[in-house]
Structure formats: C-alpha cells, structure tokens
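File shown here: data-v3.tsv, holding TSV, C-alpha atoms and all ligand atoms.
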```tsv
chain	number	residue	atom	x	y	z
A	39	MET	CA	95.52	97.47	68.91
A	40	THR	CA	96.82	97.52	72.48
A	41	LYS	CA	94.75	99.54	74.90
A	42	GLY	CA	96.39	102.61	76.37
A	43	LYS	CA	97.55	102.79	79.97
A	44	THR	CA	96.56	105.21	82.68
A	45	PHE	CA	99.27	107.19	84.47
A	46	ILE	CA	98.50	109.21	87.57
A	47	ILE	CA	100.76	112.18	88.14
A	48	SER	CA	100.46	113.65	91.62
A	49	GLY	CA	102.52	116.23	93.38
A	50	PRO	CA	102.01	119.02	95.86
A	51	SER	CA	100.58	122.31	94.76
A	52	GLY	CA	103.40	124.53	93.52
A	53	VAL	CA	105.72	121.69	92.51
A	54	GLY	CA	105.67	122.85	88.88
A	55	LYS	CA	103.50	120.03	87.58
A	56	SER	CA	101.76	122.14	84.94
A	57	THR	CA	105.08	123.14	83.36
A	58	VAL	CA	106.33	119.55	83.39
A	59	LEU	CA	103.07	118.34	81.85
A	60	ARG	CA	103.11	121.03	79.18
A	61	GLU	CA	106.57	119.85	78.11
A	62	LEU	CA	105.56	116.21	78.32
A	63	PHE	CA	102.66	116.79	75.93
A	64	ARG	CA	104.73	118.60	73.33
A	65	ASP	CA	104.57	116.53	70.10
A	66	ARG	CA	102.91	113.57	71.82
A	67	GLU	CA	99.66	112.88	70.00
A	68	ASP	CA	99.56	109.41	71.51
A	69	LEU	CA	98.94	110.96	74.94
A	70	TYR	CA	95.61	112.12	76.32
A	71	PHE	CA	95.35	114.64	79.15
A	72	SER	CA	92.23	114.07	81.21
A	73	ILE	CA	90.58	117.45	81.75
A	74	SER	CA	89.10	117.49	85.23
A	75	ALA	CA	85.95	119.20	86.36
A	76	THR	CA	86.39	121.63	89.24
A	77	THR	CA	84.36	124.06	91.30
A	78	ARG	CA	87.45	126.26	91.79
A	79	GLN	CA	87.46	129.68	90.14
A	80	PRO	CA	89.68	129.91	87.05
A	81	ARG	CA	93.10	131.50	87.59
A	82	GLU	CA	94.31	134.15	85.21
A	83	GLY	CA	95.13	132.50	81.89
A	84	GLU	CA	93.15	129.34	82.56
A	85	VAL	CA	90.71	128.41	79.83
A	86	ASP	CA	87.47	126.50	80.34
A	87	GLY	CA	87.64	123.15	78.56
A	88	VAL	CA	91.44	123.32	78.25
A	89	HIS	CA	92.83	123.42	81.78
A	90	TYR	CA	89.64	122.39	83.56
A	91	HIS	CA	85.91	122.22	83.04
A	92	PHE	CA	84.89	124.97	85.44
A	93	ILE	CA	81.49	124.08	86.86
A	94	ASP	CA	79.42	125.05	89.90
A	95	VAL	CA	78.78	122.92	92.96
A	96	ASP	CA	75.23	121.95	91.83
A	97	ARG	CA	76.52	120.61	88.53
A	98	PHE	CA	79.35	118.81	90.33
A	99	ARG	CA	76.84	117.12	92.67
A	100	GLN	CA	74.72	116.16	89.69
A	101	MET	CA	77.72	114.52	88.03
A	102	ILE	CA	78.38	112.54	91.22
A	103	GLN	CA	74.73	111.36	91.13
A	104	GLU	CA	75.11	110.35	87.48
A	105	ASP	CA	78.23	108.33	88.38
A	106	ALA	CA	80.11	110.38	85.81
A	107	PHE	CA	83.39	110.49	87.77
A	108	LEU	CA	86.16	107.92	87.87
A	109	GLU	CA	87.14	109.64	91.13
A	110	TYR	CA	86.60	112.95	92.86
A	111	ALA	CA	87.94	114.74	95.91
A	112	GLU	CA	87.72	117.91	97.89
A	113	TYR	CA	90.92	119.97	97.92
A	114	VAL	CA	91.33	123.20	99.91
A	115	GLY	CA	87.66	124.16	99.72
A	116	ASN	CA	86.90	123.07	96.16
A	117	PHE	CA	85.85	119.88	94.40
A	118	TYR	CA	87.85	118.23	91.64
A	119	GLY	CA	86.84	115.17	89.62
A	120	THR	CA	87.89	113.05	86.65
A	121	PRO	CA	85.12	112.53	84.07
A	122	LYS	CA	85.13	108.79	83.37
A	123	ARG	CA	83.90	108.67	79.79
A	124	PHE	CA	86.77	110.49	78.05
A	125	VAL	CA	89.39	108.46	79.89
A	126	ASP	CA	87.85	105.20	78.72
A	127	GLU	CA	87.39	106.44	75.15
A	128	ALA	CA	91.03	107.54	74.89
A	129	MET	CA	92.28	104.21	76.25
A	130	GLU	CA	90.12	102.30	73.76
A	131	GLN	CA	91.79	104.34	71.02
A	132	GLY	CA	95.17	103.07	72.27
A	133	LYS	CA	96.18	106.34	73.87
A	134	ASP	CA	97.91	106.63	77.20
A	135	VAL	CA	95.99	108.79	79.63
A	136	ILE	CA	97.50	111.22	82.12
A	137	LEU	CA	95.52	112.04	85.25
A	138	ASP	CA	96.84	115.07	87.13
A	139	ILE	CA	95.14	114.34	90.44
A	140	GLU	CA	95.89	114.55	94.15
A	141	LEU	CA	96.41	111.77	96.69
A	142	GLN	CA	92.77	110.98	97.60
A	143	GLY	CA	91.84	110.65	93.95
A	144	ALA	CA	94.90	108.48	93.31
A	145	ILE	CA	93.77	106.12	96.09
A	146	GLN	CA	90.27	105.85	94.59
A	147	VAL	CA	91.52	105.16	91.07
A	148	THR	CA	93.99	102.55	92.36
A	149	SER	CA	91.25	100.66	94.18
A	150	LYS	CA	89.08	100.60	91.05
A	151	ARG	CA	91.89	100.04	88.56
A	152	PRO	CA	94.91	98.43	90.27
A	153	GLU	CA	96.89	98.36	87.03
A	154	VAL	CA	97.18	102.16	87.01
A	155	VAL	CA	100.76	103.53	87.20
A	156	ARG	CA	101.34	106.21	89.83
A	157	ILE	CA	104.09	108.80	89.54
A	158	PHE	CA	104.79	111.30	92.30
A	159	ILE	CA	106.50	114.58	91.45
A	160	ALA	CA	108.39	116.10	94.37
A	161	PRO	CA	110.09	119.47	94.77
A	162	PRO	CA	113.89	119.54	95.22
A	163	SER	CA	113.30	120.78	98.79
A	164	TRP	CA	110.52	121.92	101.10
A	165	GLU	CA	111.88	125.49	100.96
A	166	ALA	CA	111.68	125.48	97.16
A	167	LEU	CA	108.02	124.49	97.34
A	168	GLU	CA	107.14	127.23	99.84
A	169	LYS	CA	108.95	129.79	97.77
A	170	ARG	CA	107.12	128.78	94.60
A	171	LEU	CA	103.67	128.72	96.18
A	172	VAL	CA	104.11	132.17	97.68
A	173	GLY	CA	105.86	133.58	94.60
A	174	ARG	CA	103.14	132.36	92.24
A	175	GLY	CA	100.80	134.94	93.76
A	176	THR	CA	97.63	133.11	92.67
A	177	ASP	CA	96.29	132.26	96.12
A	178	SER	CA	95.47	134.15	99.31
A	179	ALA	CA	97.76	133.71	102.34
A	180	ASP	CA	95.11	131.49	103.95
A	181	LYS	CA	94.85	129.23	100.88
A	182	ILE	CA	98.64	129.04	100.57
A	183	GLN	CA	98.81	127.87	104.18
A	184	LYS	CA	96.15	125.22	103.52
A	185	ARG	CA	97.93	124.07	100.36
A	186	LEU	CA	101.18	123.74	102.33
A	187	VAL	CA	99.47	121.61	104.98
A	188	ARG	CA	98.10	119.41	102.23
A	189	ALA	CA	101.50	119.30	100.52
A	190	LYS	CA	103.07	117.90	103.67
A	191	VAL	CA	100.53	115.06	103.81
A	192	GLU	CA	101.08	114.29	100.14
A	193	LEU	CA	104.87	114.19	100.53
A	194	GLN	CA	104.51	111.89	103.53
A	195	ASN	CA	102.49	109.50	101.37
A	196	ALA	CA	104.74	109.62	98.34
A	197	ASN	CA	106.14	106.18	99.16
A	198	THR	CA	102.77	104.65	98.22
A	199	TYR	CA	103.41	105.63	94.59
A	200	ASP	CA	105.18	103.47	91.99
A	201	TYR	CA	107.69	106.15	90.97
A	202	PHE	CA	109.23	109.27	92.49
A	203	VAL	CA	110.40	112.06	90.20
A	204	ILE	CA	112.18	115.14	91.59
A	205	ASN	CA	111.42	118.30	89.69
A	206	ASP	CA	114.87	119.81	89.92
A	207	THR	CA	114.93	120.75	86.27
A	208	VAL	CA	111.92	120.42	83.98
A	209	GLU	CA	113.98	118.66	81.29
A	210	GLN	CA	115.14	115.94	83.69
A	211	ALA	CA	111.66	115.47	85.16
A	212	VAL	CA	110.16	115.08	81.67
A	213	ARG	CA	112.94	112.68	80.65
A	214	GLU	CA	112.25	110.53	83.70
A	215	ILE	CA	108.49	110.47	83.14
A	216	ASN	CA	109.02	109.48	79.50
A	217	ALA	CA	111.40	106.72	80.63
A	218	ILE	CA	108.83	105.42	83.13
A	219	MET	CA	106.10	105.37	80.49
A	220	LEU	CA	108.35	103.58	78.02
A	221	ALA	CA	109.39	100.98	80.59
A	222	GLU	CA	105.75	100.34	81.53
A	223	HIS	CA	105.07	99.50	77.90
A	224	CYS	CA	107.89	96.93	77.91
A	225	LYS	CA	106.14	94.72	80.48
A	226	PRO	CA	105.45	91.14	79.31
A	227	SER	CA	101.72	91.68	79.90
A	228	ASP	CA	101.84	94.33	77.19
A	229	ARG	CA	103.81	92.33	74.68
A	230	MET	CA	103.31	88.59	75.11
A	231	ASP	CA	100.29	88.61	72.79
A	232	ILE	CA	102.72	88.56	69.82
A	233	LEU	CA	103.12	84.86	70.65
A	234	ASN	CA	99.45	84.09	70.14
B	1	LIG	P1	94.91	123.34	91.41
B	1	LIG	O1	93.82	124.07	92.12
B	1	LIG	O2	96.27	123.82	91.86
B	1	LIG	O3	94.74	123.38	89.91
B	1	LIG	O4	94.81	121.81	91.81
B	1	LIG	C1	94.83	121.44	93.15
B	1	LIG	C2	95.08	119.95	93.26
B	1	LIG	O5	93.97	119.24	92.72
B	1	LIG	C3	96.31	119.46	92.50
B	1	LIG	O6	97.03	118.60	93.35
B	1	LIG	C4	95.74	118.68	91.34
B	1	LIG	O7	96.57	117.60	90.96
B	1	LIG	C5	94.46	118.18	91.94
B	1	LIG	N1	93.44	117.81	90.93
B	1	LIG	C6	93.19	118.38	89.74
B	1	LIG	N2	92.18	117.74	89.11
B	1	LIG	C7	91.80	116.75	89.92
B	1	LIG	C8	90.82	115.70	89.82
B	1	LIG	O8	90.08	115.56	88.85
B	1	LIG	N3	90.70	114.86	90.88
B	1	LIG	C9	91.50	114.97	91.98
B	1	LIG	N4	91.32	114.07	92.94
B	1	LIG	N5	92.44	115.91	92.10
B	1	LIG	C10	92.58	116.78	91.09
```
Please render this file's structure as structure tokens.
Amino acid sequence: MTKGKTFIISGPSGVGKSTVLRELFRDREDLYFSISATTRQPREGEVDGVHYHFIDVDRFRQMIQEDAFLEYAEYVGNFYGTPKRFVDEAMEQGKDVILDIELQGAIQVTSKRPEVVRIFIAPPSWEALEKRLVGRGTDSADKIQKRLVRAKVELQNANTYDYFVINDTVEQAVREINAIMLAEHCKPSDRMDILN
C-alpha cells in the first residue's frame, strides 16, 4: 500500500477555511484531519476532540518536552500544535493527512518533511477578509486587530506555498483542492513502483 501524503492548508483567520474543510471532508474516508492541540478557549459550538484538543499551557509545555508535536506555534496569544503520532499512523494506513496550520508551523513541517504539499487559501479581497473577521463576532476588537496584522504577514508569504486557492466560492475552492490532491498523486514518485 502506498503511504498517504501530507497536505498543509494555511490561510488567514476569517478566510473561511473551516467551511472549505468541512466540505472537503464530506464522503472522504481516505482523508485524515489532524486535530491540533491548543491553549485557546473553545468558541461556541467547538467540541473538544473534534475541532481541537483544548488543553492548558502546562499540558502544552509538557507535550513540547515529550517531543509530541510535529510542529507548534504561538498565534495571537495562544499556542497551537500538531500531535505527531496520529499524523504518522494515518499516513501508514495510506490516508492523506490535512494539517490546518498557520505559516510558522508550515515552515517547521517543511523543514522536517520537505515532501509536504502546501496549499494557501486566500480571500477574494482584503476587504472581504476584514468584513468576515468582524462579522463572525467570535473575537474581541483587540484580537481581531491582531488577527488582521497576522493575516497581512501570511498573505505576504503566500508565494512560498506550492498552490494558491482563492476562496471566492466554497465549491470552487473545494474543487481546486481536490484537483491539487489528485495531481499530487499522479507524480511518477507515487506510481513508478508498478514497474518493479
Ligand atoms: P483559530 O484560533 O482561528 O482556530 O486558529 C488560528 C490559526 O491557528 C489558524 O491560522 C489555524 O490554521 C492555526 N492553527 C490551528 N492549529 C494549528 C497547529 O496545530 N499548529 C499551527 N502552527 N497552527 C495551527
């Protein structure tokens, strides 16, 4: 069995990534979503063990000590990290893994695993992003401001990614991500073993 591939999906806060990912995962049992650990408080509707593993800072530090993370980063006052074990297990089972992580984490994973495929999801415009972040109503004005600053940095670094998807409509964004994943599986490195 061929091992699964890892796909990083990054995009500024408020770009609509969660909706795109929800659609992407519909009827795709061959895909594994890596559930991150975070010290952020759950938002309304977020479920522990589904959207994130919500843990406190002490536990997060302990996991760093135990080398349990593939990567981790600080983002607007909270820590976020990818537990390594589940990612590796899913890939061994032949599943593709999706990491929904920000830029710093993407850089760390790329340096450890250069074969990772990085997809950046961008908003149709800067105004659209601002409007969504404010309209979502999940963050304080101060946090929204900090997320916007961070969003600018992420957009400026989007050219370091392998692919750039614009979330104009969810359907088109999902179609493009599926196309990217399919194309990545058509690389000779994935298929030449039939000749052995
Ligand atoms: P949010 O608080 O909006 O759920 O996430 C904030 C940012 O953290 C998003 O850009 C999201 O992609 C990123 N993020 C979520 N989990 C992880 C993780 O495990 N590692 C890193 N580096 N970033 C993460």
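With only C-alpha atoms as the atoms that count, the minimum distance from Ser56 (chain A) to the choices A:Met101, A:Val212, A:Val135, A:Ser163 is reached by A:Val212.
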Listing only residues of chain A within 6 Å of ligand LIG 1 (chain B), what is the closest atom pair and its distance in Å (to one decimal) for each, using only C-alpha atoms and all ligand atoms, sorted by chain and residue number ascending, as CSV?
```
residue,atom,partner,partner_atom,distance
A:Ser48,CA,B:LIG1,O7,5.6
A:Gly49,CA,B:LIG1,O6,6.0
A:Pro50,CA,B:LIG1,O6,5.6
A:Ser51,CA,B:LIG1,O6,5.3
A:Ser74,CA,B:LIG1,O8,4.2
A:Tyr110,CA,B:LIG1,N4,4.9
A:Ala111,CA,B:LIG1,N4,4.5
A:Tyr118,CA,B:LIG1,C8,4.3
A:Gly119,CA,B:LIG1,O8,3.4
A:Thr120,CA,B:LIG1,O8,4.0
A:Asp138,CA,B:LIG1,O7,4.6
A:Ile139,CA,B:LIG1,N5,3.5
A:Glu140,CA,B:LIG1,N5,4.2
A:Gln142,CA,B:LIG1,N4,5.8
A:Gly143,CA,B:LIG1,N4,3.6
```
Notebook entry, point to check: In Å to one decimal, how far is CA of Asn197 (chain A) from CA of Tyr70 (chain A)?
Noted result: 25.8 Å
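Excluding Asp86 (chain A) itself and any same-chain residue fewer than 5 positions from it, the protein and nucleic acid residues within 12 Å of it, counting all atoms listed in the file, are Ile73, Ser74, Ala75, Thr76, Thr77, Arg78, Gln79, Pro80, Arg81, His91, Phe92 and Ile93 of chain A.
The two atoms in question, CA of Asp134 (chain A) and CA of Leu220 (chain A), are spaced 10.9 Å apart.
Of the residues under consideration (A:Ala221, A:Pro162, A:Glu104, A:Leu141), A:Leu141 shows the shortest atom-to-atom contact distance to Gln194 (chain A) when counting only C-alpha atoms.
Among the candidates A:Val114, A:Ile215, A:Ile204, A:Met39, the one nearest to Asp231 (chain A) when counting all atoms listed in the file is A:Met39.
Residue nearest Phe202 (chain A), chosen from A:Thr148, A:Ile46, A:Leu167, A:Ser178 and counting all atoms listed in the file: A:Ile46.
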Next item on the list: Kindly give the distance, in Å, that separates CA of Phe158 (chain A) and CA of Lys190 (chain A), rounded to a single decimal.
Entry: 13.3 Å
Margin query: Can you pull out the residues contacting region 61-69 of chain A? Cut-off 10 Å, using only C-alpha atoms, and skip same-chain residues under 6 positions away; I want them as a PyMOL selection string.
Written below: chain A and resi 42-44+55+128-129+131-136+208-209+211-213+215-216
Notebook entry, point to check: For Asp105 (chain A), which residue out of A:Ile232, A:Cys224, A:Lys122, A:Glu214 is the nearest one, using all atoms listed in the file?
Noted result: A:Lys122
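A search radius of 12 Å centred on (97.4, 92.5, 80.1), applied to only C-alpha atoms, returns the residues Thr40, Lys41, Gly42, Lys43, Glu153, Val154, Glu222, His223, Cys224, Lys225, Pro226, Ser227, Asp228, Arg229, Met230 and Asp231 of chain A.
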Item checked: Minimum-distance residue to Val58 (chain A), chosen among A:Val95, A:Phe107, A:Gln210, A:Ile157 (using only C-alpha atoms) -> A:Gln210
Item checked: Neighbour residues at most 9 Å from (101.1, 125.1, 101.1) (only C-alpha atoms) as a PyMOL selection string -> chain A and resi 50-52+167-168+171-172+181-190
Take every atom of region 42-47 of chain A listed in the file, pad by 3 Å on each side, and give me the axis-aligned box centre and edge lengths in Å, one decimal, as lines of an AutoDock Vina configuration file.
```
center_x = 98.6
center_y = 107.4
center_z = 82.3
size_x = 10.4
size_y = 15.6
size_z = 17.8
```
